[in-house]
file start.pdb (PDB, C-alpha atoms and all ligand atoms)
ATOM      1  CA  MET A1312      -1.638  23.903   6.043  1.00  0.00           C
ATOM      2  CA  ILE A1313      -1.264  20.578   4.189  1.00  0.00           C
ATOM      3  CA  ASN A1314      -3.021  17.611   5.826  1.00  0.00           C
ATOM      4  CA  VAL A1315      -1.052  14.403   5.378  1.00  0.00           C
ATOM      5  CA  ALA A1316      -2.474  10.897   5.984  1.00  0.00           C
ATOM      6  CA  LEU A1317       0.274   8.487   7.018  1.00  0.00           C
ATOM      7  CA  PRO A1318      -0.183   4.696   7.168  1.00  0.00           C
ATOM      8  CA  LYS A1319       0.261   3.384  10.733  1.00  0.00           C
ATOM      9  CA  GLY A1320       3.230   1.035  11.012  1.00  0.00           C
ATOM     10  CA  ARG A1321       6.698   0.578   9.546  1.00  0.00           C
ATOM     11  CA  LEU A1322       5.926   2.085   6.143  1.00  0.00           C
ATOM     12  CA  GLY A1323       4.361   5.184   7.722  1.00  0.00           C
ATOM     13  CA  GLU A1324       7.342   5.718  10.021  1.00  0.00           C
ATOM     14  CA  LYS A1325       9.722   5.453   7.062  1.00  0.00           C
ATOM     15  CA  ALA A1326       7.516   7.761   5.007  1.00  0.00           C
ATOM     16  CA  TYR A1327       7.504  10.313   7.833  1.00  0.00           C
ATOM     17  CA  GLU A1328      11.323  10.163   8.009  1.00  0.00           C
ATOM     18  CA  THR A1329      11.453  10.914   4.278  1.00  0.00           C
ATOM     19  CA  LEU A1330       9.027  13.817   4.666  1.00  0.00           C
ATOM     20  CA  ALA A1331      10.978  15.158   7.662  1.00  0.00           C
ATOM     21  CA  ALA A1332      14.246  14.891   5.729  1.00  0.00           C
ATOM     22  CA  ALA A1333      12.537  16.708   2.861  1.00  0.00           C
ATOM     23  CA  GLY A1334      11.823  19.658   5.212  1.00  0.00           C
ATOM     24  CA  PHE A1335       8.367  18.758   6.546  1.00  0.00           C
ATOM     25  CA  ASP A1336       9.310  17.685  10.048  1.00  0.00           C
ATOM     26  CA  CYS A1337       6.905  17.687  12.966  1.00  0.00           C
ATOM     27  CA  PRO A1338       8.779  16.839  16.194  1.00  0.00           C
ATOM     28  CA  ALA A1339       5.525  16.223  18.134  1.00  0.00           C
ATOM     29  CA  ILE A1340       5.007  13.050  16.094  1.00  0.00           C
ATOM     30  CA  LEU A1341       7.948  11.367  17.833  1.00  0.00           C
ATOM     31  CA  GLU A1342       6.373  11.697  21.302  1.00  0.00           C
ATOM     32  CA  LYS A1343       5.241   8.313  22.558  1.00  0.00           C
ATOM     33  CA  ASN A1344       1.534   8.763  23.132  1.00  0.00           C
ATOM     34  CA  ARG A1345      -1.773   7.741  21.626  1.00  0.00           C
ATOM     35  CA  LYS A1346      -2.491  10.972  19.806  1.00  0.00           C
ATOM     36  CA  LEU A1347      -3.500  10.543  16.175  1.00  0.00           C
ATOM     37  CA  THR A1348      -2.895  14.061  14.804  1.00  0.00           C
ATOM     38  CA  PHE A1349       0.238  16.197  14.993  1.00  0.00           C
ATOM     39  CA  GLU A1350       0.979  19.574  13.503  1.00  0.00           C
ATOM     40  CA  ASN A1351       3.850  21.911  12.873  1.00  0.00           C
ATOM     41  CA  PRO A1352       2.380  25.306  11.902  1.00  0.00           C
ATOM     42  CA  GLU A1353       5.852  26.660  11.048  1.00  0.00           C
ATOM     43  CA  LYS A1354       6.242  24.045   8.315  1.00  0.00           C
ATOM     44  CA  GLY A1355       2.578  24.187   7.334  1.00  0.00           C
ATOM     45  CA  VAL A1356       1.904  20.466   7.905  1.00  0.00           C
ATOM     46  CA  ARG A1357      -0.539  18.388   9.912  1.00  0.00           C
ATOM     47  CA  TYR A1358      -0.083  14.604  10.041  1.00  0.00           C
ATOM     48  CA  PHE A1359      -2.662  11.889  10.828  1.00  0.00           C
ATOM     49  CA  TRP A1360      -1.976   8.214  11.490  1.00  0.00           C
ATOM     50  CA  VAL A1361      -4.574   6.016   9.822  1.00  0.00           C
ATOM     51  CA  LYS A1362      -4.984   2.344   8.997  1.00  0.00           C
ATOM     52  CA  PRO A1363      -2.907   1.706   5.814  1.00  0.00           C
ATOM     53  CA  SER A1364      -5.918   0.538   3.818  1.00  0.00           C
ATOM     54  CA  ASP A1365      -7.821   3.716   4.824  1.00  0.00           C
ATOM     55  CA  VAL A1366      -5.270   6.298   3.578  1.00  0.00           C
ATOM     56  CA  SER A1367      -6.787   6.501   0.104  1.00  0.00           C
ATOM     57  CA  ILE A1368     -10.298   6.996   1.573  1.00  0.00           C
ATOM     58  CA  TYR A1369      -9.151  10.028   3.595  1.00  0.00           C
ATOM     59  CA  VAL A1370      -7.380  11.449   0.549  1.00  0.00           C
ATOM     60  CA  GLU A1371     -10.160  10.694  -1.940  1.00  0.00           C
ATOM     61  CA  ARG A1372     -12.742  12.438   0.259  1.00  0.00           C
ATOM     62  CA  GLY A1373     -10.475  15.403   1.057  1.00  0.00           C
ATOM     63  CA  ALA A1374     -10.125  14.805   4.816  1.00  0.00           C
ATOM     64  CA  ALA A1375      -6.412  14.652   3.968  1.00  0.00           C
ATOM     65  CA  ASP A1376      -4.878  16.637   1.104  1.00  0.00           C
ATOM     66  CA  VAL A1377      -2.145  14.088   0.476  1.00  0.00           C
ATOM     67  CA  GLY A1378      -1.068  10.712   1.786  1.00  0.00           C
ATOM     68  CA  ILE A1379       1.241   7.751   1.467  1.00  0.00           C
ATOM     69  CA  ALA A1380      -0.444   4.597   0.189  1.00  0.00           C
ATOM     70  CA  GLY A1381       0.784   1.253  -1.075  1.00  0.00           C
ATOM     71  CA  LYS A1382       0.203   0.543  -4.768  1.00  0.00           C
ATOM     72  CA  ASP A1383      -1.638  -2.626  -3.609  1.00  0.00           C
ATOM     73  CA  ILE A1384      -4.321  -0.463  -1.969  1.00  0.00           C
ATOM     74  CA  LEU A1385      -4.546   1.819  -5.019  1.00  0.00           C
ATOM     75  CA  LEU A1386      -4.966  -1.165  -7.345  1.00  0.00           C
ATOM     76  CA  GLU A1387      -7.513  -2.821  -5.086  1.00  0.00           C
ATOM     77  CA  TYR A1388      -9.769   0.177  -4.373  1.00  0.00           C
ATOM     78  CA  SER A1389      -9.080   2.366  -7.476  1.00  0.00           C
ATOM     79  CA  PRO A1390      -9.635   5.611  -5.520  1.00  0.00           C
ATOM     80  CA  ASP A1391     -10.207   8.807  -7.490  1.00  0.00           C
ATOM     81  CA  VAL A1392      -6.905  10.489  -6.504  1.00  0.00           C
ATOM     82  CA  TYR A1393      -3.742  11.657  -8.240  1.00  0.00           C
ATOM     83  CA  GLU A1394      -0.700   9.433  -7.870  1.00  0.00           C
ATOM     84  CA  LEU A1395       2.152  11.958  -7.810  1.00  0.00           C
ATOM     85  CA  LEU A1396       5.303  10.005  -6.984  1.00  0.00           C
ATOM     86  CA  ASP A1397       6.659   6.489  -6.536  1.00  0.00           C
ATOM     87  CA  LEU A1398       8.509   6.662  -3.227  1.00  0.00           C
ATOM     88  CA  GLY A1399      10.445   3.489  -3.967  1.00  0.00           C
ATOM     89  CA  MET A1400       9.920   2.207  -0.403  1.00  0.00           C
ATOM     90  CA  GLY A1401       7.738  -0.580   0.952  1.00  0.00           C
ATOM     91  CA  ARG A1402       8.753  -2.662  -2.051  1.00  0.00           C
ATOM     92  CA  CYS A1403       7.088  -6.066  -2.386  1.00  0.00           C
ATOM     93  CA  ARG A1404       5.220  -8.176  -4.948  1.00  0.00           C
ATOM     94  CA  MET A1405       1.593  -9.187  -5.351  1.00  0.00           C
ATOM     95  CA  CYS A1406       1.776 -12.914  -6.020  1.00  0.00           C
ATOM     96  CA  VAL A1407      -0.206 -16.044  -6.537  1.00  0.00           C
ATOM     97  CA  ALA A1408       1.186 -18.512  -3.995  1.00  0.00           C
ATOM     98  CA  GLY A1409       0.417 -22.067  -2.999  1.00  0.00           C
ATOM     99  CA  PRO A1410       1.940 -25.481  -2.364  1.00  0.00           C
ATOM    100  CA  GLU A1411       5.242 -25.778  -4.270  1.00  0.00           C
ATOM    101  CA  ASP A1412       3.997 -28.754  -6.285  1.00  0.00           C
ATOM    102  CA  PHE A1413       0.603 -27.200  -6.940  1.00  0.00           C
ATOM    103  CA  TYR A1414      -1.193 -28.705  -9.920  1.00  0.00           C
ATOM    104  CA  GLN A1415      -4.470 -27.255 -11.081  1.00  0.00           C
ATOM    105  CA  ASP A1416      -7.125 -29.747 -12.027  1.00  0.00           C
ATOM    106  CA  PRO A1417      -8.645 -28.243 -15.213  1.00  0.00           C
ATOM    107  CA  ASN A1418     -12.037 -29.744 -14.321  1.00  0.00           C
ATOM    108  CA  LYS A1419     -12.292 -27.795 -11.067  1.00  0.00           C
ATOM    109  CA  THR A1420     -12.771 -24.079 -10.397  1.00  0.00           C
ATOM    110  CA  LEU A1421      -9.678 -22.606  -8.774  1.00  0.00           C
ATOM    111  CA  ARG A1422     -10.354 -21.454  -5.205  1.00  0.00           C
ATOM    112  CA  VAL A1423      -8.398 -18.286  -4.404  1.00  0.00           C
ATOM    113  CA  ALA A1424      -8.162 -16.827  -0.879  1.00  0.00           C
ATOM    114  CA  THR A1425      -7.165 -13.164  -0.669  1.00  0.00           C
ATOM    115  CA  LYS A1426      -7.455  -9.774   0.985  1.00  0.00           C
ATOM    116  CA  PHE A1427      -7.413  -8.308  -2.556  1.00  0.00           C
ATOM    117  CA  PRO A1428     -10.495  -9.645  -4.412  1.00  0.00           C
ATOM    118  CA  HIS A1429     -10.449  -6.972  -7.154  1.00  0.00           C
ATOM    119  CA  ILE A1430      -6.774  -7.510  -8.003  1.00  0.00           C
ATOM    120  CA  ALA A1431      -7.265 -11.289  -8.023  1.00  0.00           C
ATOM    121  CA  THR A1432     -10.436 -11.103 -10.135  1.00  0.00           C
ATOM    122  CA  ARG A1433      -8.819  -8.757 -12.688  1.00  0.00           C
ATOM    123  CA  TYR A1434      -5.752 -10.991 -12.921  1.00  0.00           C
ATOM    124  CA  TYR A1435      -7.712 -14.184 -13.594  1.00  0.00           C
ATOM    125  CA  ASP A1436     -10.176 -12.327 -15.883  1.00  0.00           C
ATOM    126  CA  SER A1437      -7.208 -11.277 -18.030  1.00  0.00           C
ATOM    127  CA  ARG A1438      -6.427 -14.975 -18.394  1.00  0.00           C
ATOM    128  CA  SER A1439     -10.087 -15.834 -19.017  1.00  0.00           C
ATOM    129  CA  GLN A1440     -10.064 -18.121 -16.006  1.00  0.00           C
ATOM    130  CA  ASP A1441     -13.077 -18.530 -13.732  1.00  0.00           C
ATOM    131  CA  ILE A1442     -12.240 -18.561 -10.041  1.00  0.00           C
ATOM    132  CA  ASP A1443     -13.960 -18.845  -6.712  1.00  0.00           C
ATOM    133  CA  ILE A1444     -12.831 -15.913  -4.541  1.00  0.00           C
ATOM    134  CA  ILE A1445     -12.640 -16.409  -0.789  1.00  0.00           C
ATOM    135  CA  LYS A1446     -12.234 -12.980   0.837  1.00  0.00           C
ATOM    136  CA  LEU A1447     -10.197 -13.083   4.050  1.00  0.00           C
ATOM    137  CA  ASN A1448      -8.847 -10.272   6.230  1.00  0.00           C
ATOM    138  CA  GLY A1449      -5.502 -11.646   7.380  1.00  0.00           C
ATOM    139  CA  SER A1450      -3.313 -14.737   7.875  1.00  0.00           C
ATOM    140  CA  ILE A1451      -4.115 -15.639   4.259  1.00  0.00           C
ATOM    141  CA  GLU A1452      -1.419 -18.348   4.194  1.00  0.00           C
ATOM    142  CA  LEU A1453      -3.602 -20.502   6.433  1.00  0.00           C
ATOM    143  CA  ALA A1454      -6.191 -20.998   3.696  1.00  0.00           C
ATOM    144  CA  PRO A1455      -4.306 -23.471   1.445  1.00  0.00           C
ATOM    145  CA  ILE A1456      -2.776 -25.180   4.472  1.00  0.00           C
ATOM    146  CA  LEU A1457      -6.200 -25.993   5.869  1.00  0.00           C
ATOM    147  CA  GLY A1458      -7.720 -26.751   2.462  1.00  0.00           C
ATOM    148  CA  LEU A1459      -9.955 -23.682   2.478  1.00  0.00           C
ATOM    149  CA  SER A1460      -8.451 -22.603  -0.862  1.00  0.00           C
ATOM    150  CA  ASP A1461      -6.130 -23.974  -3.562  1.00  0.00           C
ATOM    151  CA  VAL A1462      -3.950 -20.859  -3.809  1.00  0.00           C
ATOM    152  CA  ILE A1463      -3.733 -17.346  -2.372  1.00  0.00           C
ATOM    153  CA  VAL A1464      -3.196 -13.916  -3.897  1.00  0.00           C
ATOM    154  CA  ASP A1465      -1.160 -11.924  -1.401  1.00  0.00           C
ATOM    155  CA  ILE A1466       1.771  -9.627  -0.743  1.00  0.00           C
ATOM    156  CA  VAL A1467       5.202 -11.272  -0.652  1.00  0.00           C
ATOM    157  CA  GLU A1468       7.958  -9.159   0.846  1.00  0.00           C
ATOM    158  CA  THR A1469      10.817 -11.333   2.105  1.00  0.00           C
ATOM    159  CA  GLY A1470       9.060 -14.614   1.273  1.00  0.00           C
ATOM    160  CA  LYS A1471       9.604 -15.816   4.861  1.00  0.00           C
ATOM    161  CA  THR A1472       5.927 -16.316   5.719  1.00  0.00           C
ATOM    162  CA  LEU A1473       5.437 -18.534   2.660  1.00  0.00           C
ATOM    163  CA  LEU A1474       8.624 -20.499   3.273  1.00  0.00           C
ATOM    164  CA  GLU A1475       7.858 -21.160   6.930  1.00  0.00           C
ATOM    165  CA  ASN A1476       4.436 -22.466   5.940  1.00  0.00           C
ATOM    166  CA  HIS A1477       5.729 -24.731   3.149  1.00  0.00           C
ATOM    167  CA  LEU A1478       4.243 -22.561   0.422  1.00  0.00           C
ATOM    168  CA  ALA A1479       5.914 -20.904  -2.565  1.00  0.00           C
ATOM    169  CA  PRO A1480       5.298 -17.957  -4.860  1.00  0.00           C
ATOM    170  CA  LEU A1481       3.885 -19.382  -8.099  1.00  0.00           C
ATOM    171  CA  GLU A1482       3.291 -16.277 -10.247  1.00  0.00           C
ATOM    172  CA  THR A1483       4.019 -12.563  -9.831  1.00  0.00           C
ATOM    173  CA  ILE A1484       1.019 -10.363 -10.607  1.00  0.00           C
ATOM    174  CA  VAL A1485       2.551  -6.920 -10.069  1.00  0.00           C
ATOM    175  CA  ASP A1486       5.404  -5.138  -8.266  1.00  0.00           C
ATOM    176  CA  ILE A1487       4.285  -2.915  -5.406  1.00  0.00           C
ATOM    177  CA  SER A1488       5.762   0.166  -3.712  1.00  0.00           C
ATOM    178  CA  ALA A1489       4.529   3.171  -1.726  1.00  0.00           C
ATOM    179  CA  ARG A1490       3.077   6.143  -3.620  1.00  0.00           C
ATOM    180  CA  PHE A1491       2.570   9.812  -2.716  1.00  0.00           C
ATOM    181  CA  ILE A1492      -1.076  10.577  -3.567  1.00  0.00           C
ATOM    182  CA  SER A1493      -3.150  13.753  -3.626  1.00  0.00           C
ATOM    183  CA  ASN A1494      -6.802  14.691  -3.386  1.00  0.00           C
ATOM    184  CA  LYS A1495      -7.883  16.121  -6.767  1.00  0.00           C
ATOM    185  CA  VAL A1496      -9.487  19.312  -5.412  1.00  0.00           C
ATOM    186  CA  SER A1497      -6.596  19.985  -3.018  1.00  0.00           C
ATOM    187  CA  TYR A1498      -4.205  19.555  -5.924  1.00  0.00           C
ATOM    188  CA  LYS A1499      -5.970  22.452  -7.624  1.00  0.00           C
ATOM    189  CA  PHE A1500      -6.312  24.770  -4.630  1.00  0.00           C
ATOM    190  CA  LYS A1501      -3.073  23.944  -2.775  1.00  0.00           C
ATOM    191  CA  HIS A1502      -1.156  23.307  -5.970  1.00  0.00           C
ATOM    192  CA  GLN A1503       2.092  25.057  -5.032  1.00  0.00           C
ATOM    193  CA  GLU A1504       2.297  23.578  -1.550  1.00  0.00           C
ATOM    194  CA  ILE A1505       1.564  20.036  -2.729  1.00  0.00           C
ATOM    195  CA  LEU A1506       3.981  20.286  -5.639  1.00  0.00           C
ATOM    196  CA  ALA A1507       6.650  21.681  -3.287  1.00  0.00           C
ATOM    197  CA  MET A1508       6.161  18.639  -1.051  1.00  0.00           C
ATOM    198  CA  ARG A1509       6.253  16.251  -4.010  1.00  0.00           C
ATOM    199  CA  ASP A1510       9.391  17.882  -5.444  1.00  0.00           C
ATOM    200  CA  ALA A1511      11.131  17.891  -2.062  1.00  0.00           C
ATOM    201  CA  LEU A1512      10.360  14.172  -1.715  1.00  0.00           C
ATOM    202  CA  GLU A1513      11.682  13.498  -5.203  1.00  0.00           C
ATOM    203  CA  ARG A1514      14.908  15.453  -4.543  1.00  0.00           C
ATOM    204  CA  ASN A1515      15.368  13.514  -1.329  1.00  0.00           C
ATOM    205  CA  LEU A1516      14.901  10.210  -3.188  1.00  0.00           C
ATOM    206  CA  THR A1517      17.416  11.206  -5.859  1.00  0.00           C
ATOM    207  CA  LYS A1518      19.934  12.178  -3.145  1.00  0.00           C
ATOM    208  CA  LYS A1519      19.402   8.829  -1.416  1.00  0.00           C
ATOM    209  CA  GLU A1520      19.810   6.885  -4.664  1.00  0.00           C
ATOM    210  CA  ALA A1521      23.028   8.770  -5.445  1.00  0.00           C
ATOM    211  CA  ALA A1522      24.407   7.901  -1.983  1.00  0.00           C
ATOM    212  CA  GLU A1523      23.684   4.184  -2.432  1.00  0.00           C
TER     213      GLU A1523
HETATM  214  C1  LIG B1601       1.694  -9.584   4.914  1.00  0.00           C
HETATM  215  C2  LIG B1601       1.257 -10.565   3.862  1.00  0.00           C
HETATM  216  C3  LIG B1601       2.046 -11.794   4.210  1.00  0.00           C
HETATM  217  C4  LIG B1601       3.339 -11.238   4.770  1.00  0.00           C
HETATM  218  C5  LIG B1601       4.419 -11.300   3.717  1.00  0.00           C
HETATM  219  O1  LIG B1601       0.966  -9.847   6.049  1.00  0.00           O
HETATM  220  O2  LIG B1601      -0.144 -10.769   3.912  1.00  0.00           O
HETATM  221  O3  LIG B1601       1.386 -12.578   5.155  1.00  0.00           O
HETATM  222  O4  LIG B1601       3.083  -9.860   5.107  1.00  0.00           O
HETATM  223  O5  LIG B1601       5.648 -10.875   4.227  1.00  0.00           O
HETATM  224  P1  LIG B1601       6.985 -11.738   4.028  1.00  0.00           P
HETATM  225  O6  LIG B1601       7.056 -12.160   2.595  1.00  0.00           O
HETATM  226  O7  LIG B1601       8.096 -10.783   4.394  1.00  0.00           O
HETATM  227  O8  LIG B1601       6.899 -12.895   4.960  1.00  0.00           O
HETATM  228  P2  LIG B1601       0.744  -8.809   7.209  1.00  0.00           P
HETATM  229  O9  LIG B1601       1.963  -8.708   8.043  1.00  0.00           O
HETATM  230  O10 LIG B1601       0.248  -7.529   6.637  1.00  0.00           O
HETATM  231  O11 LIG B1601      -0.369  -9.541   8.071  1.00  0.00           O
HETATM  232  P3  LIG B1601      -1.793 -10.154   7.724  1.00  0.00           P
HETATM  233  O12 LIG B1601      -2.057 -10.079   6.233  1.00  0.00           O
HETATM  234  O13 LIG B1601      -1.723 -11.565   8.172  1.00  0.00           O
HETATM  235  O14 LIG B1601      -2.740  -9.328   8.496  1.00  0.00           O
END
call {"tool": "encode", "arguments": {"input": "start.pdb", "output": "structure tokens", "more": "lines below"}}
Ligand code: PRP
result
Amino acid sequence: MINVALPKGRLGEKAYETLAAAGFDCPAILEKNRKLTFENPEKGVRYFWVKPSDVSIYVERGAADVGIAGKDILLEYSPDVYELLDLGMGRCRMCVAGPEDFYQDPNKTLRVATKFPHIATRYYDSRSQDIDIIKLNGSIELAPILGLSDVIVDIVETGKTLLENHLAPLETIVDISARFISNKVSYKFKHQEILAMRDALERNLTKKEAAE
């Protein structure tokens, strides 16, 4: 049995569809209820729904053998897992954003609000720029609007949230997409099963790309 941690929400639902299309379906998952684990013994899979930012914790500690995690989470938490495949879904960018006409006063320390303090710190370290990190847990766009920060480091998908709040992407830090990850010990002991799942996902992606 392979234990799969799926991120709750749109990305997880899409990821499940890809896994089901790749031969790892689990009809029970489509039932509308509040259950968090679902299994299909015939296909040798058990799925769990977890908070997106927790997927890599379950996989790193072996509570799940594999999982689907955004590259943003992998870059932020640097979990000790194998990244086996770029699923090409959940595409977005990690950006610095702020008021369109933002000008940085060189005599002041830049105040950066973000849910991703490690990514932000590494980015500004690489530019040898000191910053003041303000760690928030959501609605990051509010920070520059209310003067809590000068800029934000956040995910931009469609750009709508920024636009509707009179903010703009100023710099792109890195492109993000969903990744298929594996626990390192599971990868050794369930090697064939995990590789079969990875290869089936890859074949499915190639088929999809060819159809587009
Ligand atoms: C994310 C991100 C942005 C928004 C970007 O927020 O933090 O606010 O999506 O998407 P867009 O470019 O398509 O508008 P999320 O929905 O995860 O909510 P939260 O960070 O406020 O919790």
call {"tool": "closest_atom_pairs", "arguments": {"input": "start.pdb", "of": "region 1458-1503 of chain A", "to": "region 1409-1431 of chain A", "cutoff": "8 Å", "atoms": "all atoms listed in the file", "output": "JSON lines"}}
result
{"residue": "A:Leu1459", "atom": "CA", "partner": "A:Ala1424", "partner_atom": "CA", "distance": 7.8}
{"residue": "A:Ser1460", "atom": "CA", "partner": "A:Arg1422", "partner_atom": "CA", "distance": 4.9}
{"residue": "A:Asp1461", "atom": "CA", "partner": "A:Arg1422", "partner_atom": "CA", "distance": 5.2}
{"residue": "A:Val1462", "atom": "CA", "partner": "A:Gly1409", "partner_atom": "CA", "distance": 4.6}
{"residue": "A:Ile1463", "atom": "CA", "partner": "A:Ala1424", "partner_atom": "CA", "distance": 4.7}
{"residue": "A:Val1464", "atom": "CA", "partner": "A:Thr1425", "partner_atom": "CA", "distance": 5.2}
{"residue": "A:Asp1465", "atom": "CA", "partner": "A:Thr1425", "partner_atom": "CA", "distance": 6.2}
{"residue": "A:His1477", "atom": "CA", "partner": "A:Pro1410", "partner_atom": "CA", "distance": 6.7}
{"residue": "A:Leu1478", "atom": "CA", "partner": "A:Pro1410", "partner_atom": "CA", "distance": 4.6}
{"residue": "A:Ala1479", "atom": "CA", "partner": "A:Glu1411", "partner_atom": "CA", "distance": 5.2}
{"residue": "A:Pro1480", "atom": "CA", "partner": "A:Gly1409", "partner_atom": "CA", "distance": 6.6}
{"residue": "A:Leu1481", "atom": "CA", "partner": "A:Gly1409", "partner_atom": "CA", "distance": 6.7}
call {"tool": "residues_near_ligand", "arguments": {"input": "start.pdb", "ligand": "ligand LIG 1601 (chain B)", "cutoff": "7 Å", "atoms": "only C-alpha atoms and all ligand atoms", "output": "list in words"}}
result
Asn1448, Gly1449, Ser1450, Ile1451, Glu1452, Asp1465, Ile1466, Val1467, Glu1468, Thr1469, Gly1470, Lys1471, Thr1472 and Leu1473 of chain A
call {"tool": "residues_around", "arguments": {"input": "start.pdb", "residues": "Thr1348 (chain A)", "least_positions_apart": "6", "cutoff": "7 Å", "atoms": "only C-alpha atoms", "output": "list in words"}}
result
Arg1357, Tyr1358, Phe1359 and Trp1360 of chain A
call {"tool": "closest_residue", "arguments": {"input": "start.pdb", "among": "A:Gln1440, A:Tyr1393, A:Met1400, A:Ile1505", "to": "Glu1328 (chain A)", "atoms": "all atoms listed in the file"}}
result
A:Met1400
call {"tool": "axis_aligned_box", "arguments": {"input": "start.pdb", "around": "region 1481-1496 of chain A", "padding_each_side": "6 Å", "output": "JSON"}}
result
{"center_x": -1.9, "center_y": 0.0, "center_z": -6.2, "size_x": 27.2, "size_y": 50.7, "size_z": 20.9}
call {"tool": "atom_distance", "arguments": {"input": "start.pdb", "atom1": "CA of Pro1455 (chain A)", "atom2": "CA of Thr1432 (chain A)"}}
result
18.0 Å
call {"tool": "resolve_selection", "arguments": {"input": "start.pdb", "expression": "the PyMOL selection byres (((chain A and resi 1384) around 10) and not hetatm)", "output": "number ranges by chain"}}
result
A: 1363-1367, 1380-1383, 1385-1390, 1427, 1430, 1487, 1489
call {"tool": "decode", "arguments": {"input": "start.pdb", "residues": "region 1433-1446 of chain A", "atoms": "N, CA, C and O atoms", "output": "compact mmCIF listing (two decimals), in the first residue's frame"}}
result
# COMPACT_ATOMS: atom_id res chain seq x y z
N ARG A 1433 16.43 34.59 1.80
CA ARG A 1433 17.46 34.11 0.85
C ARG A 1433 17.57 35.04 -0.36
O ARG A 1433 18.66 35.34 -0.83
N TYR A 1434 16.40 35.49 -0.85
CA TYR A 1434 16.40 36.35 -2.03
C TYR A 1434 17.15 37.66 -1.76
O TYR A 1434 18.01 38.06 -2.54
N TYR A 1435 16.83 38.29 -0.64
CA TYR A 1435 17.48 39.59 -0.36
C TYR A 1435 18.93 39.40 0.08
O TYR A 1435 19.76 40.26 -0.17
N ASP A 1436 19.24 38.24 0.72
CA ASP A 1436 20.64 37.93 1.07
C ASP A 1436 21.47 37.86 -0.21
O ASP A 1436 22.60 38.35 -0.25
N SER A 1437 20.89 37.23 -1.25
CA SER A 1437 21.65 37.06 -2.50
C SER A 1437 21.93 38.42 -3.15
O SER A 1437 22.79 38.53 -4.00
N ARG A 1438 21.18 39.42 -2.74
CA ARG A 1438 21.42 40.77 -3.26
C ARG A 1438 22.12 41.65 -2.22
O ARG A 1438 22.17 42.87 -2.39
N SER A 1439 22.57 41.00 -1.15
CA SER A 1439 23.25 41.69 -0.05
C SER A 1439 22.43 42.86 0.48
O SER A 1439 22.98 43.94 0.76
N GLN A 1440 21.13 42.64 0.58
CA GLN A 1440 20.26 43.72 1.08
C GLN A 1440 19.65 43.34 2.42
O GLN A 1440 19.04 42.25 2.54
N ASP A 1441 19.82 44.19 3.41
CA ASP A 1441 19.20 43.95 4.71
C ASP A 1441 17.72 44.25 4.63
O ASP A 1441 17.34 45.26 4.04
N ILE A 1442 16.91 43.39 5.25
CA ILE A 1442 15.47 43.67 5.26
C ILE A 1442 14.90 43.42 6.65
O ILE A 1442 15.51 42.74 7.46
N ASP A 1443 13.70 43.95 6.84
CA ASP A 1443 12.97 43.69 8.07
C ASP A 1443 11.79 42.81 7.66
O ASP A 1443 10.91 43.25 6.93
N ILE A 1444 11.83 41.53 8.11
CA ILE A 1444 10.78 40.58 7.72
C ILE A 1444 9.59 40.70 8.67
O ILE A 1444 9.76 40.67 9.89
N ILE A 1445 8.40 40.78 8.09
CA ILE A 1445 7.18 40.77 8.90
C ILE A 1445 6.41 39.52 8.49
O ILE A 1445 5.89 39.43 7.38
N LYS A 1446 6.40 38.50 9.36
CA LYS A 1446 5.79 37.21 9.01
C LYS A 1446 4.29 37.30 9.24
O LYS A 1446 3.83 37.58 10.34
